[in-house]
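Enquirer: Input structure: upload14.csv, which contains CSV, C-alpha atoms.
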chain,number,residue,atom,x,y,z
A,48,MET,CA,-22.3,6.9,-15.7
A,49,GLN,CA,-25.3,4.6,-15.1
A,50,ASN,CA,-26.7,3.8,-11.8
A,51,HIS,CA,-27.0,0.1,-11.2
A,52,PRO,CA,-29.7,-1.3,-8.9
A,53,SER,CA,-27.1,-3.2,-6.8
A,54,SER,CA,-24.7,-1.5,-4.4
A,55,SER,CA,-22.2,-1.2,-7.3
A,56,LEU,CA,-22.1,1.6,-9.8
A,57,MET,CA,-21.2,1.2,-13.4
A,58,HIS,CA,-18.9,3.6,-15.2
A,59,SER,CA,-18.0,3.6,-18.9
A,60,ILE,CA,-15.1,5.8,-19.8
A,61,THR,CA,-13.5,6.4,-23.2
A,62,MET,CA,-10.9,8.8,-24.4
A,63,GLU,CA,-13.5,10.7,-26.3
A,64,GLU,CA,-15.0,11.9,-22.9
A,65,GLN,CA,-11.7,13.7,-22.2
A,66,GLN,CA,-12.6,16.2,-24.9
A,67,GLN,CA,-15.7,17.2,-23.0
A,68,GLN,CA,-15.6,20.0,-20.4
A,69,PRO,CA,-14.6,18.2,-17.1
A,70,LYS,CA,-16.3,18.8,-13.8
A,71,LEU,CA,-13.7,19.7,-11.3
A,72,ILE,CA,-15.2,17.9,-8.3
A,73,LYS,CA,-17.9,15.3,-8.5
A,74,ASP,CA,-18.2,13.5,-5.1
A,75,HIS,CA,-21.4,11.4,-4.8
A,76,GLY,CA,-20.5,10.3,-1.3
A,77,SER,CA,-20.8,6.7,-0.3
A,78,LYS,CA,-23.3,4.3,1.0
A,79,ASP,CA,-20.6,1.9,2.0
A,80,LYS,CA,-20.5,1.2,5.7
A,81,ASN,CA,-16.7,0.8,5.8
A,82,HIS,CA,-15.7,3.7,8.1
A,83,THR,CA,-12.1,3.8,6.8
A,84,MET,CA,-13.4,5.2,3.6
A,85,HIS,CA,-15.2,8.2,5.2
A,86,ALA,CA,-14.1,11.3,6.9
A,87,PRO,CA,-16.5,13.9,8.3
A,88,ASN,CA,-16.6,17.0,6.2
A,89,PRO,CA,-17.8,19.9,8.2
A,90,ASN,CA,-17.4,22.5,5.5
A,91,PRO,CA,-18.0,21.2,1.9
A,92,SER,CA,-17.2,24.4,0.2
A,93,GLN,CA,-13.8,24.6,1.9
A,94,THR,CA,-13.1,21.0,0.9
A,95,ILE,CA,-14.0,21.8,-2.7
A,96,MET,CA,-11.7,24.8,-2.7
A,97,LYS,CA,-8.9,22.7,-1.2
A,98,LEU,CA,-9.3,20.0,-3.9
A,99,ALA,CA,-9.6,22.7,-6.7
A,100,SER,CA,-6.4,24.3,-5.5
A,101,LEU,CA,-4.6,20.9,-5.3
A,102,ALA,CA,-5.8,20.1,-8.8
A,103,ILE,CA,-4.6,23.3,-10.2
A,104,GLY,CA,-1.2,23.0,-8.5
A,105,PHE,CA,-0.7,19.4,-9.6
A,106,ASN,CA,-2.0,19.9,-13.2
A,107,VAL,CA,-4.9,17.6,-12.7
A,108,ARG,CA,-8.2,17.4,-14.4
A,109,LEU,CA,-10.7,15.4,-12.4
A,110,LYS,CA,-13.0,13.6,-14.8
A,111,SER,CA,-15.3,11.7,-12.5
A,112,SER,CA,-15.4,10.7,-8.9
A,113,ASP,CA,-17.5,8.7,-6.5
A,114,MET,CA,-15.1,9.0,-3.6
A,115,PRO,CA,-14.9,11.0,-0.4
A,116,ALA,CA,-12.8,14.2,-0.7
A,117,HIS,CA,-10.0,13.0,1.6
A,118,MET,CA,-9.5,9.9,-0.6
A,119,GLN,CA,-9.5,12.0,-3.8
A,120,GLU,CA,-6.8,14.2,-2.2
A,121,HIS,CA,-4.8,11.1,-1.3
A,122,ALA,CA,-5.1,9.7,-4.9
A,123,LEU,CA,-4.0,13.0,-6.4
A,124,CYS,CA,-1.1,13.6,-4.0
A,125,HIS,CA,0.2,10.1,-4.2
A,126,THR,CA,0.1,10.0,-8.0
A,127,ARG,CA,1.9,13.3,-8.2
A,128,SER,CA,4.6,12.1,-5.8
A,129,LEU,CA,5.1,8.9,-7.9
A,130,LEU,CA,5.5,11.1,-11.0
A,131,SER,CA,7.9,13.4,-9.2
A,132,LEU,CA,10.0,10.4,-8.3
A,133,SER,CA,10.4,9.4,-11.9
A,134,THR,CA,11.7,12.8,-13.2
A,135,PRO,CA,14.0,13.4,-14.9
A,136,SER,CA,15.1,9.9,-15.4
A,137,PRO,CA,14.6,7.0,-15.3
A,138,LYS,CA,10.9,7.4,-15.9
A,139,LEU,CA,8.6,5.0,-14.1
A,140,SER,CA,6.5,2.8,-16.4
A,141,ASN,CA,2.7,3.2,-16.3
A,142,THR,CA,2.5,-0.3,-14.9
A,143,LEU,CA,4.7,0.6,-11.9
A,144,ILE,CA,2.8,3.7,-11.2
A,145,ALA,CA,-0.5,1.7,-11.3
A,146,ARG,CA,0.9,-1.0,-9.1
A,147,ALA,CA,2.2,1.6,-6.5
A,148,LEU,CA,-1.1,3.5,-6.4
A,149,LYS,CA,-3.1,0.2,-6.1
A,150,LYS,CA,-0.8,-1.0,-3.3
A,151,GLU,CA,-1.1,2.3,-1.5
A,152,PHE,CA,-4.9,2.2,-1.6
A,153,ASP,CA,-5.0,-1.5,-0.7
A,154,THR,CA,-2.9,-0.8,2.4
A,155,LYS,CA,-4.8,2.3,3.5
A,156,TYR,CA,-8.4,1.6,2.5
A,157,GLY,CA,-8.6,-2.2,2.4
A,158,LEU,CA,-8.1,-4.8,-0.4
A,159,ALA,CA,-9.6,-5.1,-3.9
A,160,TRP,CA,-8.4,-1.8,-5.5
A,161,HIS,CA,-7.6,-1.8,-9.2
A,162,CYS,CA,-5.7,0.9,-11.1
A,163,VAL,CA,-5.2,1.6,-14.8
A,164,VAL,CA,-2.7,4.2,-15.9
A,165,GLY,CA,-2.0,5.3,-19.5
A,166,LYS,CA,-2.5,7.7,-22.3
A,167,SER,CA,-5.2,5.9,-24.2
A,168,PHE,CA,-7.6,3.4,-22.9
A,169,GLY,CA,-11.3,2.6,-22.6
A,170,SER,CA,-13.0,1.0,-19.7
A,171,PHE,CA,-16.3,-0.2,-18.3
A,172,VAL,CA,-16.1,-1.2,-14.7
A,173,SER,CA,-18.2,-2.0,-11.6
A,174,HIS,CA,-17.1,-0.5,-8.3
A,175,THR,CA,-18.2,-0.3,-4.7
A,176,GLY,CA,-19.9,2.9,-3.6
A,177,GLY,CA,-17.3,5.5,-2.6
A,178,GLY,CA,-14.5,3.7,-4.4
A,179,PHE,CA,-14.0,5.3,-7.9
A,180,ILE,CA,-11.9,8.2,-9.3
A,181,TYR,CA,-10.9,9.0,-12.9
A,182,PHE,CA,-8.5,11.8,-13.5
A,183,SER,CA,-5.7,13.0,-15.8
A,184,ILE,CA,-2.4,14.3,-14.5
A,185,ASP,CA,0.0,15.8,-17.0
A,186,SER,CA,-0.4,13.6,-20.0
A,187,LEU,CA,-1.5,10.5,-18.2
A,188,SER,CA,-5.0,9.3,-17.3
A,189,VAL,CA,-5.6,7.4,-14.1
A,190,LEU,CA,-8.5,5.1,-13.3
A,191,LEU,CA,-8.6,3.9,-9.7
A,192,PHE,CA,-11.6,1.8,-8.3
A,193,LYS,CA,-12.5,-0.6,-5.6
A,194,THR,CA,-14.5,-3.8,-6.0
A,195,GLU,CA,-16.1,-6.1,-3.5
A,196,VAL,CA,-14.4,-9.3,-2.7
A,197,HIS,CA,-16.6,-12.4,-2.3
A,198,LEU,CA,-15.3,-15.8,-1.1
A,199,VAL,CA,-15.9,-18.4,-3.7
A,200,ARG,CA,-16.6,-21.8,-2.1
A,201,GLN,CA,-16.2,-25.0,-4.0
A,202,PRO,CA,-19.1,-27.5,-3.7
A,203,HIS,CA,-18.5,-30.5,-1.5
A,204,SER,CA,-17.6,-33.5,-3.6
A,205,LEU,CA,-19.5,-36.7,-3.2
Rewrite the coordinates I just gave you, this time as C-alpha coordinates.
Expert:
Amino acid sequence: MQNHPSSSLMHSITMEEQQQQPKLIKDHGSKDKNHTMHAPNPNPSQTIMKLASLAIGFNVRLKSSDMPAHMQEHALCHTRSLLSLSTPSPKLSNTLIARALKKEFDTKYGLAWHCVVGKSFGSFVSHTGGGFIYFSIDSLSVLLFKTEVHLVRQPHSL
(Lines of atoms letter the chains of each structure in order from A and count residues from 1; the text may use other names and numbers.)
(Lines give C-alpha, C1' and ligand atoms only; values in the text may rest on other atoms or scores of the structure.)
Protein backbone atom coordinates (compact mmCIF):
# COMPACT_ATOMS: atom_id res chain seq x y z
CA MET A 1 0.00 0.00 0.00
CA GLN A 2 1.27 3.46 -0.88
CA ASN A 3 -0.03 6.70 0.50
CA HIS A 4 -0.95 9.13 -2.22
CA PRO A 5 -0.76 12.88 -1.52
CA SER A 6 -4.39 13.36 -2.57
CA SER A 7 -7.42 12.21 -0.60
CA SER A 8 -7.32 8.86 -2.39
CA LEU A 9 -5.18 5.94 -1.38
CA MET A 10 -3.50 3.56 -3.79
CA HIS A 11 -3.50 -0.19 -3.33
CA SER A 12 -1.69 -2.77 -5.38
CA ILE A 13 -2.75 -6.35 -4.75
CA THR A 14 -1.57 -9.51 -6.39
CA MET A 15 -2.25 -13.14 -5.64
CA GLU A 16 1.36 -13.49 -4.40
CA GLU A 17 0.41 -11.33 -1.43
CA GLN A 18 -2.05 -14.00 -0.35
CA GLN A 19 0.89 -16.23 0.54
CA GLN A 20 2.05 -13.74 3.17
CA GLN A 21 0.81 -13.87 6.74
CA PRO A 22 -2.38 -11.76 6.74
CA LYS A 23 -3.23 -9.18 9.34
CA LEU A 24 -6.65 -9.93 10.77
CA ILE A 25 -7.83 -6.36 11.12
CA LYS A 26 -6.31 -3.30 9.52
CA ASP A 27 -8.62 -0.33 9.91
CA HIS A 28 -6.97 2.98 9.04
CA GLY A 29 -10.11 4.94 9.77
CA SER A 30 -11.31 7.54 7.35
CA LYS A 31 -10.80 11.21 6.70
CA ASP A 32 -13.94 11.25 4.52
CA LYS A 33 -16.58 13.61 5.86
CA ASN A 34 -19.44 11.40 4.68
CA HIS A 35 -21.13 10.56 7.97
CA THR A 36 -22.89 7.50 6.55
CA MET A 37 -19.52 5.76 6.36
CA HIS A 38 -18.68 6.27 10.06
CA ALA A 39 -20.01 4.82 13.26
CA PRO A 40 -18.67 5.74 16.67
CA ASN A 41 -16.56 3.00 18.15
CA PRO A 42 -16.49 3.31 21.93
CA ASN A 43 -14.41 0.17 22.54
CA PRO A 44 -11.89 -0.64 19.77
CA SER A 45 -10.69 -3.91 21.35
CA GLN A 46 -14.28 -5.18 21.57
CA THR A 47 -14.83 -4.30 17.90
CA ILE A 48 -11.63 -6.11 16.89
CA MET A 49 -12.69 -9.19 18.85
CA LYS A 50 -16.13 -9.11 17.21
CA LEU A 51 -14.59 -8.88 13.72
CA ALA A 52 -12.06 -11.61 14.56
CA SER A 53 -14.85 -13.89 15.75
CA LEU A 54 -16.89 -13.13 12.64
CA ALA A 55 -13.89 -13.82 10.39
CA ILE A 56 -13.23 -17.17 12.05
CA GLY A 57 -16.88 -18.20 11.87
CA PHE A 58 -17.18 -17.19 8.20
CA ASN A 59 -13.82 -18.68 7.10
CA VAL A 60 -12.53 -15.22 6.14
CA ARG A 61 -8.97 -13.93 5.86
CA LEU A 62 -8.91 -10.14 5.89
CA LYS A 63 -5.98 -9.06 3.73
CA SER A 64 -6.22 -5.27 3.89
CA SER A 65 -8.79 -2.70 4.92
CA ASP A 66 -9.25 1.04 5.02
CA MET A 67 -12.83 0.90 6.18
CA PRO A 68 -14.73 1.46 9.44
CA ALA A 69 -15.36 -1.73 11.40
CA HIS A 70 -19.15 -1.67 10.93
CA MET A 71 -18.68 -1.55 7.15
CA GLN A 72 -16.14 -4.39 7.26
CA GLU A 73 -18.67 -6.44 9.19
CA HIS A 74 -21.36 -5.61 6.63
CA ALA A 75 -19.10 -6.65 3.73
CA LEU A 76 -18.22 -9.98 5.38
CA CYS A 77 -21.80 -10.80 6.43
CA HIS A 78 -23.34 -9.87 3.09
CA THR A 79 -20.74 -11.84 1.12
CA ARG A 80 -21.26 -14.90 3.34
CA SER A 81 -25.04 -14.64 2.88
CA LEU A 82 -24.62 -14.47 -0.92
CA LEU A 83 -22.41 -17.56 -0.88
CA SER A 84 -24.88 -19.37 1.38
CA LEU A 85 -27.68 -18.64 -1.10
CA SER A 86 -25.77 -20.38 -3.85
CA THR A 87 -25.20 -23.69 -2.10
CA PRO A 88 -25.53 -26.45 -2.98
CA SER A 89 -26.78 -25.58 -6.42
CA PRO A 90 -27.08 -23.59 -8.60
CA LYS A 91 -23.89 -21.79 -7.75
CA LEU A 92 -23.93 -18.01 -8.22
CA SER A 93 -21.29 -16.77 -10.63
CA ASN A 94 -18.51 -14.53 -9.37
CA THR A 95 -19.99 -11.74 -11.50
CA LEU A 96 -23.38 -12.01 -9.81
CA ILE A 97 -21.78 -12.03 -6.37
CA ALA A 98 -19.74 -8.91 -7.27
CA ARG A 99 -22.82 -7.18 -8.68
CA ALA A 100 -24.91 -7.94 -5.59
CA LEU A 101 -22.20 -6.74 -3.19
CA LYS A 102 -21.65 -3.56 -5.23
CA LYS A 103 -25.39 -2.81 -5.30
CA GLU A 104 -25.68 -3.41 -1.55
CA PHE A 105 -22.89 -0.93 -0.81
CA ASP A 106 -24.16 1.60 -3.39
CA THR A 107 -27.55 1.52 -1.68
CA LYS A 108 -26.32 1.70 1.91
CA TYR A 109 -23.19 3.90 1.62
CA GLY A 110 -23.71 5.96 -1.55
CA LEU A 111 -22.80 5.45 -5.19
CA ALA A 112 -19.46 4.64 -6.84
CA TRP A 113 -18.60 1.28 -5.26
CA HIS A 114 -16.71 -1.29 -7.33
CA CYS A 115 -16.28 -4.99 -6.65
CA VAL A 116 -14.07 -7.74 -8.03
CA VAL A 117 -14.64 -11.38 -7.04
CA GLY A 118 -12.53 -14.29 -8.22
CA LYS A 119 -9.88 -16.88 -7.52
CA SER A 120 -7.01 -15.19 -9.34
CA PHE A 121 -6.63 -11.52 -10.17
CA GLY A 122 -4.28 -8.62 -9.73
CA SER A 123 -5.30 -5.02 -9.18
CA PHE A 124 -4.08 -1.50 -8.68
CA VAL A 125 -6.85 0.86 -7.63
CA SER A 126 -7.43 4.32 -6.20
CA HIS A 127 -10.14 4.68 -3.58
CA THR A 128 -11.65 7.23 -1.27
CA GLY A 129 -10.54 7.20 2.34
CA GLY A 130 -12.53 4.69 4.39
CA GLY A 131 -13.75 2.85 1.31
CA PHE A 132 -11.52 -0.19 0.74
CA ILE A 133 -11.54 -3.84 1.82
CA TYR A 134 -9.78 -6.89 0.39
CA PHE A 135 -10.47 -10.33 1.85
CA SER A 136 -10.81 -13.99 0.97
CA ILE A 137 -13.78 -16.10 1.92
CA ASP A 138 -13.61 -19.83 1.31
CA SER A 139 -11.72 -20.06 -2.00
CA LEU A 140 -12.78 -16.66 -3.37
CA SER A 141 -11.03 -13.32 -3.07
CA VAL A 142 -13.11 -10.15 -2.82
CA LEU A 143 -11.97 -6.60 -3.52
CA LEU A 144 -14.52 -3.88 -2.70
CA PHE A 145 -13.69 -0.18 -2.97
CA LYS A 146 -15.29 3.21 -3.41
CA THR A 147 -14.19 5.97 -5.75
CA GLU A 148 -15.10 9.62 -5.97
CA VAL A 149 -17.57 10.70 -8.61
CA HIS A 150 -16.86 13.95 -10.42
CA LEU A 151 -19.25 15.57 -12.84
CA VAL A 152 -17.66 15.93 -16.26
CA ARG A 153 -18.83 19.05 -18.03
CA GLN A 154 -18.55 19.50 -21.74
CA PRO A 155 -17.10 22.82 -22.90
CA HIS A 156 -19.61 25.17 -24.47
CA SER A 157 -19.48 25.06 -28.26
CA LEU A 158 -18.99 28.25 -30.15
Enquirer: Which distance in Å separates CA of Gly157 in chain A and CA of Ile180 in chain A, to one decimal?
Expert: 16.0 Å
Enquirer: Counting all atoms listed in the file, what is within 7 Å of range 191-203 of chain A, bar same-chain residues fewer than 5 positions away, as number ranges by chain?
Expert: A: 159-163, 173-175, 178-181
Enquirer: Using all atoms listed in the file, which of A:Thr142, A:Ser188, A:Ser183, A:Asn106 sits nearest Phe168 in chain A?
Expert: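 So, comparing all the options, the nearest one is A:Ser188.
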Enquirer: Nearest residue to Ile103 in chain A out of A:Ile184, A:Ala116, A:Leu190, A:Leu139, using all atoms listed in the file?
Expert: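 Closest candidate: A:Ile184.
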Enquirer: So how many Å separate CA of Leu148 in chain A and CA of Met96 in chain A, to one decimal?
Expert: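 These atoms are spaced 24.1 Å apart.
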Enquirer: Please measure the separation of CA of Ser128 in chain A and CA of Thr94 in chain A, giving the value in Å to one decimal.
Expert: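 Computing it gives 20.9 Å between the two atoms.
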Enquirer: Excluding Glu151 in chain A and any residue of its chain fewer than 2 positions from it, enumerate the residues within 12 Å of it, using all atoms listed in the file, and give them as a list of chain:residue names.
Expert: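 Everything that qualifies: A:Met118, A:His121, A:Ala122, A:Cys124, A:His125, A:Thr126, A:Leu129, A:Ile144, A:Ala145, A:Arg146, A:Ala147, A:Leu148, A:Lys149, A:Asp153, A:Thr154, A:Lys155, A:Tyr156, A:Gly157, A:Leu158, A:Ala159, A:Trp160, A:His161, A:Cys162, A:Leu191.
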Enquirer: Assuming the input is short of atoms at range 174-185 of chain A, produce all heavy atoms for that part as a CSV table (one decimal), keeping the file's coordinate frame.
Expert:
chain,number,residue,atom,x,y,z
A,174,HIS,N,-17.9,-0.9,-9.5
A,174,HIS,CA,-17.1,-0.5,-8.3
A,174,HIS,C,-18.0,-0.4,-7.1
A,174,HIS,O,-19.3,-0.3,-7.3
A,174,HIS,CB,-16.4,0.8,-8.5
A,174,HIS,CG,-17.2,2.0,-8.6
A,174,HIS,ND1,-17.6,2.7,-7.5
A,174,HIS,CD2,-17.8,2.6,-9.7
A,174,HIS,CE1,-18.4,3.7,-7.9
A,174,HIS,NE2,-18.6,3.6,-9.2
A,175,THR,N,-17.5,-0.5,-5.9
A,175,THR,CA,-18.2,-0.3,-4.7
A,175,THR,C,-18.5,1.2,-4.5
A,175,THR,O,-17.7,2.0,-5.0
A,175,THR,CB,-17.5,-0.8,-3.5
A,175,THR,OG1,-16.2,-0.2,-3.4
A,175,THR,CG2,-17.3,-2.3,-3.5
A,176,GLY,N,-19.6,1.5,-3.9
A,176,GLY,CA,-19.9,2.9,-3.6
A,176,GLY,C,-18.8,3.6,-2.8
A,176,GLY,O,-18.2,3.0,-1.9
A,177,GLY,N,-18.4,4.8,-3.3
A,177,GLY,CA,-17.3,5.5,-2.6
A,177,GLY,C,-15.9,5.1,-3.0
A,177,GLY,O,-15.0,5.5,-2.4
A,178,GLY,N,-15.8,4.3,-4.0
A,178,GLY,CA,-14.5,3.7,-4.4
A,178,GLY,C,-14.2,3.9,-5.9
A,178,GLY,O,-13.8,2.9,-6.6
A,179,PHE,N,-14.3,5.1,-6.4
A,179,PHE,CA,-14.0,5.3,-7.9
A,179,PHE,C,-13.5,6.8,-8.1
A,179,PHE,O,-14.1,7.7,-7.6
A,179,PHE,CB,-15.3,5.2,-8.7
A,179,PHE,CG,-15.1,5.4,-10.1
A,179,PHE,CD1,-14.8,4.4,-11.0
A,179,PHE,CD2,-15.3,6.7,-10.7
A,179,PHE,CE1,-14.6,4.6,-12.4
A,179,PHE,CE2,-15.1,6.9,-12.0
A,179,PHE,CZ,-14.7,5.9,-12.9
A,180,ILE,N,-12.4,6.9,-8.8
A,180,ILE,CA,-11.9,8.2,-9.3
A,180,ILE,C,-11.3,8.0,-10.7
A,180,ILE,O,-10.6,7.0,-10.9
A,180,ILE,CB,-10.9,8.8,-8.3
A,180,ILE,CG1,-10.6,10.3,-8.7
A,180,ILE,CG2,-9.7,8.0,-8.1
A,180,ILE,CD1,-9.9,11.1,-7.6
A,181,TYR,N,-11.5,8.9,-11.5
A,181,TYR,CA,-10.9,9.0,-12.9
A,181,TYR,C,-10.4,10.4,-13.1
A,181,TYR,O,-11.2,11.3,-13.0
A,181,TYR,CB,-11.9,8.6,-13.9
A,181,TYR,CG,-11.5,8.7,-15.3
A,181,TYR,CD1,-10.3,8.0,-15.8
A,181,TYR,CD2,-12.2,9.4,-16.2
A,181,TYR,CE1,-9.9,8.2,-17.1
A,181,TYR,CE2,-11.8,9.5,-17.6
A,181,TYR,CZ,-10.6,8.9,-18.0
A,181,TYR,OH,-10.2,9.0,-19.3
A,182,PHE,N,-9.1,10.5,-13.3
A,182,PHE,CA,-8.5,11.8,-13.5
A,182,PHE,C,-7.3,11.8,-14.5
A,182,PHE,O,-6.8,10.7,-14.7
A,182,PHE,CB,-8.1,12.5,-12.2
A,182,PHE,CG,-7.0,11.7,-11.4
A,182,PHE,CD1,-5.7,12.0,-11.5
A,182,PHE,CD2,-7.4,10.6,-10.6
A,182,PHE,CE1,-4.7,11.3,-10.8
A,182,PHE,CE2,-6.4,9.9,-9.9
A,182,PHE,CZ,-5.1,10.3,-10.0
A,183,SER,N,-6.9,12.9,-15.0
A,183,SER,CA,-5.7,13.0,-15.8
A,183,SER,C,-4.7,13.9,-15.0
A,183,SER,O,-5.1,14.8,-14.3
A,183,SER,CB,-6.0,13.5,-17.2
A,183,SER,OG,-6.4,14.9,-17.1
A,184,ILE,N,-3.5,13.5,-15.1
A,184,ILE,CA,-2.4,14.3,-14.5
A,184,ILE,C,-1.3,14.4,-15.5
A,184,ILE,O,-0.8,13.4,-16.0
A,184,ILE,CB,-2.0,13.7,-13.1
A,184,ILE,CG1,-1.0,14.5,-12.4
A,184,ILE,CG2,-1.5,12.2,-13.3
A,184,ILE,CD1,-0.9,14.1,-10.9
A,185,ASP,N,-0.9,15.6,-15.8
A,185,ASP,CA,0.0,15.8,-17.0
A,185,ASP,C,-0.6,15.2,-18.2
A,185,ASP,O,-1.7,15.4,-18.5
A,185,ASP,CB,1.4,15.3,-16.6
A,185,ASP,CG,2.0,16.0,-15.4
A,185,ASP,OD1,1.6,17.2,-15.1
A,185,ASP,OD2,2.9,15.5,-14.8
